[in-house]
Each structure stands twice: as structure tokens, then as C-alpha cells.
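The data block below is upload-v9.cif; it holds mmCIF, C-alpha atoms.
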```cif
data_entry
#
loop_
_atom_site.label_atom_id
_atom_site.label_comp_id
_atom_site.auth_asym_id
_atom_site.auth_seq_id
_atom_site.Cartn_x
_atom_site.Cartn_y
_atom_site.Cartn_z
CA MET G 1 16.63 -97.26 -37.67
CA ALA G 2 18.65 -100.01 -35.97
CA LYS G 3 16.88 -99.47 -32.64
CA MET G 4 13.44 -99.70 -34.34
CA LYS G 5 14.42 -103.05 -35.88
CA GLY G 6 15.61 -104.39 -32.53
CA LEU G 7 12.39 -103.35 -30.79
CA ALA G 8 10.12 -104.82 -33.51
CA ARG G 9 11.90 -108.18 -33.64
CA GLY G 10 11.33 -108.70 -29.91
CA ILE G 11 7.58 -108.39 -30.33
CA CYS G 12 6.57 -109.52 -33.82
CA TRP G 13 7.78 -110.59 -37.22
CA TRP G 14 6.49 -110.60 -40.80
CA PRO G 15 8.17 -111.09 -44.16
CA GLY G 16 10.13 -107.98 -45.21
CA ILE G 17 10.07 -106.42 -41.73
CA ASP G 18 13.55 -104.87 -42.13
CA ALA G 19 12.72 -103.24 -45.48
CA ASP G 20 9.44 -101.86 -44.15
CA ILE G 21 11.13 -100.30 -41.11
CA GLU G 22 13.87 -98.75 -43.31
CA ASN G 23 11.33 -97.24 -45.70
CA THR G 24 9.29 -95.85 -42.80
CA ALA G 25 12.36 -94.16 -41.32
CA LYS G 26 13.53 -92.76 -44.66
CA LYS G 27 10.12 -91.21 -45.38
CA CYS G 28 9.94 -89.45 -42.00
CA VAL G 29 10.33 -85.71 -42.55
CA SER G 30 11.15 -84.96 -38.91
CA CYS G 31 13.97 -87.49 -38.91
CA ASN G 32 15.42 -86.22 -42.18
CA LEU G 33 15.59 -82.63 -40.91
CA VAL G 34 17.99 -83.58 -38.11
CA ARG G 35 20.13 -86.14 -39.92
CA ASN G 36 23.91 -85.99 -39.56
CA ASN G 37 26.13 -84.72 -42.33
CA PRO G 38 27.07 -87.27 -44.99
CA LYS G 39 30.41 -88.97 -44.88
CA GLN G 40 33.07 -86.72 -46.29
CA VAL G 41 34.53 -87.79 -49.58
CA GLU G 42 38.22 -87.68 -50.33
CA LYS G 43 39.37 -84.09 -50.71
CA HIS G 44 39.82 -82.93 -54.28
CA ILE G 45 43.09 -81.14 -54.88
CA TRP G 46 43.40 -78.39 -57.44
CA GLU G 47 45.25 -79.33 -60.58
CA PRO G 48 48.85 -78.18 -60.14
CA ALA G 49 49.73 -74.95 -61.93
CA ASP G 50 52.50 -75.25 -64.50
CA GLN G 51 53.91 -71.72 -64.16
CA PRO G 52 53.72 -68.62 -61.98
CA PHE G 53 50.42 -66.72 -62.16
CA HIS G 54 48.62 -69.53 -63.92
CA ARG G 55 46.07 -69.57 -61.10
CA VAL G 56 45.75 -67.17 -58.18
CA HIS G 57 43.56 -67.32 -55.08
CA ALA G 58 42.20 -64.13 -53.53
CA ASP G 59 40.27 -63.29 -50.38
CA PHE G 60 39.57 -60.49 -47.92
CA ALA G 61 40.47 -60.59 -44.24
CA GLY G 62 38.87 -58.35 -41.68
CA PRO G 63 37.84 -56.19 -40.21
CA PHE G 64 40.90 -57.09 -38.15
CA MET G 65 42.65 -54.54 -35.94
CA GLY G 66 40.45 -51.90 -37.54
CA LYS G 67 41.66 -52.67 -41.08
CA TYR G 68 40.76 -54.75 -44.11
CA PHE G 69 43.37 -56.86 -45.89
CA PHE G 70 43.23 -57.94 -49.52
CA ILE G 71 45.19 -61.16 -49.94
CA LEU G 72 46.26 -62.82 -53.17
CA VAL G 73 48.37 -66.00 -53.35
CA ASP G 74 49.96 -67.50 -56.45
CA SER G 75 49.11 -71.21 -56.66
CA TYR G 76 52.38 -72.24 -58.32
CA SER G 77 54.94 -70.46 -56.15
CA LYS G 78 52.81 -69.74 -53.03
CA TYR G 79 54.01 -66.14 -53.38
CA PRO G 80 51.65 -63.93 -51.30
CA PHE G 81 50.47 -60.35 -51.78
CA THR G 82 48.82 -58.36 -49.00
CA TYR G 83 47.36 -54.86 -49.22
CA VAL G 84 45.89 -52.90 -46.33
CA VAL G 85 42.70 -51.26 -47.60
CA ASN G 86 39.99 -49.12 -46.06
CA ASP G 87 37.05 -50.94 -47.67
CA ILE G 88 36.23 -54.02 -49.71
CA THR G 89 34.39 -52.38 -52.58
CA ALA G 90 34.83 -53.49 -56.18
CA LYS G 91 36.55 -50.21 -57.06
CA THR G 92 39.23 -50.72 -54.40
CA THR G 93 39.70 -54.37 -55.38
CA ILE G 94 40.15 -53.47 -59.04
CA LYS G 95 42.72 -50.81 -58.15
CA VAL G 96 44.81 -53.29 -56.16
CA CYS G 97 44.52 -55.99 -58.82
CA ARG G 98 45.64 -53.55 -61.52
CA GLU G 99 48.77 -52.81 -59.53
CA ILE G 100 49.57 -56.51 -59.09
CA PHE G 101 48.80 -57.41 -62.70
CA ALA G 102 50.91 -54.53 -64.03
CA ALA G 103 53.96 -55.90 -62.18
CA PHE G 104 53.45 -59.67 -62.56
CA GLY G 105 51.12 -60.08 -65.53
CA LEU G 106 47.57 -61.35 -65.92
CA PRO G 107 46.63 -64.71 -64.39
CA LYS G 108 44.62 -67.28 -66.31
CA VAL G 109 42.32 -68.29 -63.43
CA PHE G 110 41.15 -66.08 -60.55
CA VAL G 111 39.70 -68.12 -57.64
CA THR G 112 37.63 -66.39 -54.93
CA ASP G 113 34.84 -67.09 -52.49
CA ASN G 114 31.26 -65.95 -53.01
CA GLY G 115 31.70 -62.46 -51.59
CA SER G 116 29.56 -59.72 -53.09
CA THR G 117 32.68 -57.82 -54.17
CA PHE G 118 33.93 -60.64 -56.38
CA HIS G 119 30.41 -61.35 -57.70
CA SER G 120 29.76 -57.72 -58.60
CA ARG G 121 29.25 -56.86 -62.25
CA GLU G 122 32.02 -54.24 -62.15
CA PHE G 123 34.67 -56.71 -60.97
CA GLN G 124 33.51 -59.47 -63.31
CA ASN G 125 33.68 -57.09 -66.27
CA PHE G 126 37.21 -56.16 -65.22
CA LEU G 127 38.33 -59.79 -65.29
CA LYS G 128 36.50 -60.48 -68.54
CA GLN G 129 38.07 -57.50 -70.31
CA ASN G 130 41.52 -58.75 -69.31
CA GLY G 131 40.89 -62.34 -70.37
CA VAL G 132 40.92 -63.78 -66.84
CA SER G 133 38.65 -66.72 -66.04
CA SER G 134 36.77 -66.36 -62.73
CA LYS G 135 36.00 -69.35 -60.50
CA PHE G 136 34.06 -69.38 -57.23
CA THR G 137 34.15 -71.79 -54.33
CA ALA G 138 31.08 -73.60 -53.06
CA PRO G 139 29.16 -71.59 -50.41
CA TYR G 140 30.24 -72.35 -46.82
CA ASN G 141 33.12 -74.50 -48.04
CA PRO G 142 36.22 -72.35 -47.55
CA SER G 143 38.59 -75.29 -48.04
CA THR G 144 38.15 -74.93 -51.82
CA ASN G 145 39.99 -71.61 -51.55
CA GLY G 146 42.36 -73.03 -48.99
CA GLN G 147 45.53 -71.32 -50.21
CA ALA G 148 44.17 -67.85 -49.54
CA GLU G 149 42.35 -68.93 -46.36
CA ARG G 150 45.52 -70.46 -44.95
CA PHE G 151 47.53 -67.32 -45.49
CA VAL G 152 44.76 -65.28 -43.82
CA GLN G 153 45.33 -67.31 -40.65
CA THR G 154 49.11 -66.91 -40.95
CA LEU G 155 48.79 -63.14 -41.35
CA LYS G 156 46.45 -62.72 -38.38
CA LYS G 157 48.60 -64.82 -36.05
CA SER G 158 51.75 -62.98 -37.11
CA LEU G 159 50.20 -59.55 -36.56
CA LEU G 160 48.94 -60.57 -33.12
CA SER G 161 52.36 -61.90 -32.15
CA THR G 162 54.04 -58.60 -33.04
CA ARG G 163 51.65 -56.67 -30.75
CA CYS G 164 51.77 -53.74 -33.13
CA THR G 165 49.57 -50.68 -33.01
CA ASN G 166 47.32 -49.45 -35.81
CA ASN G 167 50.02 -47.03 -36.97
CA GLU G 168 52.51 -49.90 -37.35
CA ILE G 169 50.29 -52.32 -39.29
CA ASP G 170 51.62 -51.40 -42.76
CA GLN G 171 55.23 -51.74 -41.65
CA ASN G 172 54.67 -55.09 -39.92
CA VAL G 173 52.73 -56.49 -42.88
CA GLN G 174 55.72 -55.84 -45.13
CA LYS G 175 58.05 -57.54 -42.64
CA ILE G 176 55.78 -60.58 -42.49
CA LEU G 177 55.64 -60.78 -46.29
CA MET G 178 59.41 -60.53 -46.54
CA LYS G 179 59.96 -63.41 -44.13
CA TYR G 180 57.27 -65.57 -45.71
CA ARG G 181 58.62 -65.07 -49.23
CA ILE G 182 62.20 -66.14 -48.39
CA MET G 183 61.36 -69.18 -46.23
CA PRO G 184 60.97 -72.65 -47.79
CA HIS G 185 57.30 -73.56 -48.17
CA ASN G 186 56.02 -76.74 -46.51
CA VAL G 187 54.52 -78.05 -49.76
CA THR G 188 57.11 -77.10 -52.37
CA GLN G 189 60.16 -77.17 -50.05
CA VAL G 190 61.34 -74.09 -51.96
CA SER G 191 60.91 -70.45 -51.08
CA PRO G 192 58.10 -68.60 -52.90
CA SER G 193 60.53 -66.01 -54.25
CA LYS G 194 62.71 -68.75 -55.77
CA LEU G 195 59.77 -70.20 -57.68
CA MET G 196 58.39 -66.81 -58.66
CA PHE G 197 61.58 -65.14 -59.90
CA GLY G 198 63.98 -68.05 -60.32
CA ARG G 199 66.22 -66.58 -57.62
CA GLN G 200 66.18 -65.93 -53.91
CA ILE G 201 65.47 -62.29 -53.14
CA ARG G 202 68.09 -60.61 -50.99
CA SER G 203 67.37 -60.07 -47.31
CA ARG G 204 69.30 -58.80 -44.31
CA LEU G 205 70.50 -62.33 -43.58
CA ASP G 206 72.51 -62.28 -46.81
CA SER G 207 74.78 -59.63 -45.30
CA PHE G 208 76.28 -62.37 -43.07
CA LEU G 209 77.42 -64.37 -46.09
CA PRO G 210 80.82 -63.69 -47.71
CA ASP G 211 80.75 -61.94 -51.04
CA LYS G 212 81.21 -64.30 -53.96
CA GLU G 213 84.01 -63.46 -56.35
CA GLN G 214 82.72 -62.38 -59.70
CA ASP G 215 83.67 -64.71 -62.52
CA HIS G 216 83.79 -61.89 -65.02
CA VAL G 217 84.94 -58.43 -64.02
CA VAL G 218 84.91 -55.72 -66.63
CA ASN G 219 88.29 -54.04 -66.83
CA PHE G 220 87.45 -50.42 -67.44
CA GLU G 221 91.09 -49.41 -67.53
CA LYS G 222 91.68 -51.45 -70.72
CA GLU G 223 88.60 -50.09 -72.43
CA CYS G 224 89.74 -46.47 -72.39
CA VAL G 225 92.87 -44.35 -72.57
CA GLU G 226 94.96 -44.40 -69.42
CA PHE G 227 96.78 -41.39 -68.02
CA GLN G 228 99.92 -41.58 -65.95
CA ARG G 229 101.09 -39.21 -63.27
CA GLY G 230 102.86 -36.26 -64.84
CA ASP G 231 101.17 -36.57 -68.24
CA ARG G 232 100.46 -33.29 -69.96
CA VAL G 233 96.70 -33.06 -70.57
CA GLN G 234 94.03 -30.59 -71.42
CA CYS G 235 90.76 -30.72 -69.48
CA ARG G 236 87.35 -29.43 -70.38
CA ILE G 237 85.92 -26.22 -68.90
CA TYR G 238 82.33 -25.09 -69.24
CA VAL G 239 82.35 -21.42 -68.22
CA GLY G 240 84.01 -18.62 -70.09
CA LYS G 241 85.31 -18.11 -73.59
CA ASN G 242 87.90 -20.88 -73.58
CA LYS G 243 86.83 -24.49 -74.04
CA TRP G 244 89.99 -26.15 -72.69
CA THR G 245 92.68 -25.48 -70.13
CA PHE G 246 96.01 -27.24 -69.58
CA GLY G 247 97.70 -29.05 -66.73
CA LYS G 248 99.37 -32.24 -65.52
CA ILE G 249 97.99 -35.40 -63.93
CA SER G 250 98.71 -35.31 -60.20
CA LYS G 251 96.97 -38.55 -59.14
CA ARG G 252 94.25 -41.01 -59.99
CA THR G 253 91.16 -40.89 -57.75
CA GLY G 254 89.13 -43.70 -59.36
CA ARG G 255 88.87 -45.97 -62.36
CA LEU G 256 87.75 -43.11 -64.57
CA HIS G 257 88.55 -40.03 -62.47
CA TYR G 258 91.76 -38.04 -62.20
CA GLU G 259 93.07 -35.09 -60.25
CA ILE G 260 94.80 -32.45 -62.38
CA THR G 261 97.20 -29.69 -61.38
CA LEU G 262 96.48 -26.80 -63.73
CA ASP G 263 99.11 -24.44 -65.10
CA ASN G 264 97.96 -21.71 -62.71
CA GLY G 265 98.64 -24.00 -59.71
CA LYS G 266 95.02 -24.84 -58.98
CA ILE G 267 93.79 -28.42 -58.67
CA CYS G 268 90.63 -29.87 -60.19
CA ARG G 269 88.99 -33.26 -60.72
CA ARG G 270 87.79 -34.55 -64.09
CA HIS G 271 86.20 -37.65 -65.65
CA ILE G 272 88.22 -39.35 -68.36
CA ASN G 273 85.64 -38.23 -70.94
CA GLN G 274 86.51 -34.62 -70.07
CA MET G 275 90.24 -34.99 -70.72
CA MET G 276 92.58 -35.30 -73.68
CA LYS G 277 96.28 -35.92 -74.01
CA CYS G 278 98.21 -33.04 -75.48
CA HIS G 279 101.78 -32.51 -76.62
CA ARG G 280 104.24 -32.18 -73.76
CA ASN G 281 105.68 -29.03 -75.32
CA VAL G 282 102.43 -27.06 -75.11
CA PRO G 283 103.42 -23.81 -73.36
CA VAL G 284 102.47 -23.38 -69.73
CA GLN G 285 99.73 -20.80 -69.33
CA SER G 286 100.25 -19.82 -65.72
CA ASP G 287 98.82 -16.32 -66.23
CA VAL G 288 95.37 -17.60 -67.27
CA GLU G 289 92.71 -16.90 -64.63
CA LEU G 290 89.62 -19.07 -64.87
CA ASP G 291 86.45 -17.65 -63.34
CA HIS G 292 83.79 -19.97 -61.92
CA PHE G 293 86.09 -22.97 -62.13
CA ASP G 294 85.51 -25.87 -59.71
CA TYR G 295 88.90 -25.92 -58.01
CA VAL G 296 89.75 -28.47 -55.32
CA ASN G 297 91.13 -27.17 -52.04
CA PRO G 298 94.34 -29.17 -51.37
CA GLU G 299 94.36 -28.13 -47.70
CA SER G 300 90.91 -29.59 -47.04
CA ASP G 301 90.60 -33.23 -45.97
CA SER G 302 87.26 -33.58 -47.72
CA ASN G 303 88.56 -32.08 -50.98
CA GLU G 304 85.49 -29.92 -51.30
CA PRO G 305 85.46 -27.59 -54.29
CA ILE G 306 86.29 -23.97 -53.58
CA GLN G 307 83.36 -21.67 -54.01
CA PRO G 308 83.59 -19.67 -57.24
CA ARG G 309 84.46 -16.00 -57.06
CA GLN G 310 81.42 -13.79 -56.71
CA GLU G 311 80.94 -11.09 -59.31
CA ASN G 312 79.64 -7.61 -58.69
CA LEU G 313 75.98 -7.99 -59.51
CA GLN G 314 75.02 -4.35 -58.84
CA GLU G 315 73.17 -2.71 -61.66
CA PRO G 316 74.70 0.26 -63.42
CA GLU G 317 73.62 3.69 -62.29
CA HIS G 318 71.97 4.51 -65.61
CA VAL G 319 69.58 1.52 -65.25
CA THR G 320 66.29 2.73 -63.87
CA GLN G 321 64.79 0.35 -61.35
CA ASN G 322 61.11 -0.37 -61.46
CA VAL G 323 60.03 0.84 -58.02
CA ARG G 324 56.41 1.28 -57.06
CA PRO G 325 55.58 4.89 -55.99
CA ARG G 326 54.92 5.38 -52.29
CA ARG G 327 51.54 6.68 -51.13
CA ASN G 328 50.45 8.45 -48.01
CA VAL G 329 49.16 6.06 -45.41
CA ARG G 330 46.31 7.37 -43.32
CA PHE G 331 44.81 5.69 -40.30
CA PRO G 332 41.14 4.72 -40.46
CA GLN G 333 38.66 7.23 -39.12
CA TYR G 334 37.65 5.05 -36.16
CA LEU G 335 41.30 4.90 -34.93
CA GLN G 336 41.93 8.65 -34.87
CA ASP G 337 40.39 8.99 -31.40
CA TYR G 338 42.96 6.62 -29.86
CA ASP G 339 46.55 7.31 -28.90
CA LEU G 340 48.55 4.87 -30.97
CA ASN G 341 51.88 5.86 -29.39
#
```
Could you write out this structure as C-alpha cells?
Amino acid sequence: MAKMKGLARGICWWPGIDADIENTAKKCVSCNLVRNNPKQVEKHIWEPADQPFHRVHADFAGPFMGKYFFILVDSYSKYPFTYVVNDITAKTTIKVCREIFAAFGLPKVFVTDNGSTFHSREFQNFLKQNGVSSKFTAPYNPSTNGQAERFVQTLKKSLLSTRCTNNEIDQNVQKILMKYRIMPHNVTQVSPSKLMFGRQIRSRLDSFLPDKEQDHVVNFEKECVEFQRGDRVQCRIYVGKNKWTFGKISKRTGRLHYEITLDNGKICRRHINQMMKCHRNVPVQSDVELDHFDYVNPESDSNEPIQPRQENLQEPEHVTQNVRPRRNVRFPQYLQDYDLN
């Protein structure tokens, strides 16, 4: 348009020459078909979410490395979810969304692109039945769903950098998610897990930190009866006619566990709920033999229980066993002509 004005002014002039040239250029169909894109307006930013799972952004990535990836990102915390799937059908998408929604609740707004899966009647009915509002981006304008699109790029670059095989994709995806969830996000300056759960999820790096002393430690010893070494006690048994047997405390093996020397010289271990104090003058019953009792071998370093005594499990002679009668086995007719020895 500017070049046409410059050419016309060098040859002729009439009143309204500039307006006539502009109208001629604007009405030209051939010129309009090849016009440049309009000047981009200032980018519109989504309204900030006020809580986790207020608005989520979802998208599919792939086929990449022979797999499809369903990606969902929470707008508030930037907490990502990634599932390796075999297809991008509505049935598969609903199955994955059910699993996420069952663990984290239903979002209010579900933002996706214009893929046929998200536009399908089956998926839209699923969102409608659960009270989730569905929003779509403008066609060929992926920046509207930028949160999911950005994580798609992050996932692809991370998988390529690991140089993993197809059999290692699932394992590497979980490692990438773990690292992404614990690192501070560039926008929020807080890790996604901190915003999602109100705490930082534990990772292997936490093993390098010293353990913090607990402000409140429950004292189990003061909440129950304590036994001292040498106390006369009766401990519970579960096999045989007798319900209790007697002995003395030999040592304490834990907060609620004790080792007892029975009257017959054997040693056993019992929880405090399986023991009772008894009078110190209860007679010693050294001649009592307890079958199937879980004794502790004092000579063994591992203190493994001694195997219970095996009983004679043979049936009495008068008991008739149910034995199938034997029959004469004859070789087939076609094998009688061969020497089977």
C-alpha cells in the first residue's frame, strides 16, 4: 500500500488519492489471501487457582518412544501426573482420570485441547456426571493449555537424556516425576509437593539430613505395668489344657517384650499383654512338660525358637484306609508285537 502511494504521487495527483489507494488495496482478494498475521495482543493469563485441584490441564504426548503418555498438571501447585498408556481412547482416559480423582478429588475445571478423545461424548458425559466443567483451547493455539504443553516438553527431554530403552520407560518416568515434584517451581518458587500436600515429600536426599528430635515421645513404659528381672510371673500359653504357665523374668528385650525362664528351665519370649504378675510363693512346677511350646534356644545367637516336638501321626491299625483297588494293566494290542524289554 505504501509503495502504491509513492508510485502514484510521482505521476499524478487528485483529491483523496491516499484514501482511494487504501480502499483499492483493502478490496483486493489476492492481497488479502497472503496478508501477514495480525499483531499479537498481550497474552492472557489464566485466573490463578485458589486451591489444589481447582483447575487441571491435561494433554496427550506421543507416540514417543513407542508409547503414549497421558499428562495432567494441577494449576495451583504445578503437581504433575504422567501415565504410560497403550492408546488414547476415551475409555483409557476415563480409567486414568478415575484413578487420579479417587486419590486427589474432583477438579472444578478440566482444560484440554481439541483432541477427539476429550471431545468424545463418552468423556464429556464422564465429566458432566462428576460435576467437572470442561474447557477447550482455541484450535492451533497450544499456548492456552501451556501448563500441560510445557510439561510435555520437559518429559520428552528428560526421557531422551536418560537414554532408556522401552522396557525402562515406566521406571524412568517415575524418577522424573519424583525429581520434578520435590524441586522448587520457577513460577511459585515452592515445590509442587509442598503446595499440594502442605509438606515436602521424602526423597533419598533426606537421608543425608540429621534426624530431628521428636518434641513429644510417648513413654510406653509408664503406660503399662513394668516387670523387673527376677519377678515371678505367669505367661500365656495357647496349646494344651493349661492356659498359663509360670516362670521368672530373665531380661527385657524391648519396650513391651520380655524373656522368661520357665519353671522347667526353658526360655520363651512374651508380649506384656501375654503376662501377669503372680505371687512370689506360687510353687515351682518344674515337672510340667509343655508340648508345642515356642521355646527359645539359649545357645543360638539368633534366638530362634526350637521346633516343637513332633507327635506320632500314624493312624491306628483298626482304622481302615481308603485305598483304591488295583486293576490289571494290559498293554494295547498294537504294542504286543514289540519287545518292550
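Coordinates place CA of Phe70 (chain G) at a distance of 13.0 Å from CA of Arg98 (chain G).
Computed from the coordinates, the CA of Pro107 (chain G) to CA of Leu195 (chain G) distance equals 15.7 Å.
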Practice task
Determine the residue membership of the PyMOL selection byres ((chain G and resi 176) around 10) for the file above and supply it as a PyMOL selection string.
Solution key: chain G and resi 82+154-155+158-159+162+171-175+177-181
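Considering the residues G:Thr253, G:Gln51, G:Ser193, G:Asn242 and counting all atoms listed in the file, Arg270 (chain G) has its shortest atom-to-atom contact with G:Thr253.
The gap separating CA of Ser120 (chain G) from CA of Asp170 (chain G) is 27.7 Å, in Å to one decimal.
Each of G:Ile94, G:Ala103, G:Ala61, G:Ile21 was compared to Arg121 (chain G) using only C-alpha atoms, and G:Ile94 turns out to be the nearest.
Proximity to Val225 (chain G) was assessed for G:Lys243, G:Lys95, G:His257, G:Lys266 counting all atoms listed in the file; the smallest distance is recorded for G:His257.
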Specify as a compact mmCIF listing (two decimals) with C-alpha atoms, in the frame of the given file each residue included when the PyMOL selection byres ((chain G and resi 130) around 10) is applied to this file.
```txt
# COMPACT_ATOMS: atom_id res chain seq x y z
CA PHE G 101 48.80 -57.41 -62.70
CA LEU G 106 47.57 -61.35 -65.92
CA PRO G 107 46.63 -64.71 -64.39
CA LYS G 108 44.62 -67.28 -66.31
CA ASN G 125 33.68 -57.09 -66.27
CA PHE G 126 37.21 -56.16 -65.22
CA LEU G 127 38.33 -59.79 -65.29
CA LYS G 128 36.50 -60.48 -68.54
CA GLN G 129 38.07 -57.50 -70.31
CA GLY G 131 40.89 -62.34 -70.37
CA VAL G 132 40.92 -63.78 -66.84
CA SER G 133 38.65 -66.72 -66.04
```
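Distance check against Phe123 (chain G) using all atoms listed in the file: of G:Arg150, G:Arg280, G:Lys91, G:Arg255, the minimum falls on G:Lys91.
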With only C-alpha atoms as the counted atoms, please give the residues lying no more than 10 Å from Ile17 (chain G), apart from itself and same-chain residues fewer than 6 positions off, as a CSV table (one decimal) with C-alpha atoms, in the frame of the given file.
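What ended up in part.csv:
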```csv
chain,number,residue,atom,x,y,z
G,5,LYS,CA,14.4,-103.0,-35.9
G,8,ALA,CA,10.1,-104.8,-33.5
G,9,ARG,CA,11.9,-108.2,-33.6
```
Fill in the blank from the handout: Using all atoms listed in the file, the best pick from G:Arg204, G:Asn114, G:Ile169, G:Arg232 as closest to Val84 (chain G) would be G:Ile169
Practice task
Using all atoms listed in the file, find the one residue out of G:Ala90, G:Ala49, G:Met183, G:Val96 that sits nearest to Gly115 (chain G).
Solution key: G:Ala90
Practice task
Report as a PyMOL selection string the full result of the PyMOL selection byres ((chain G and resi 137) around 12) when it is applied to this structure.
Solution key: chain G and resi 46+57-59+110-115+118-119+134-136+138-146+148-149
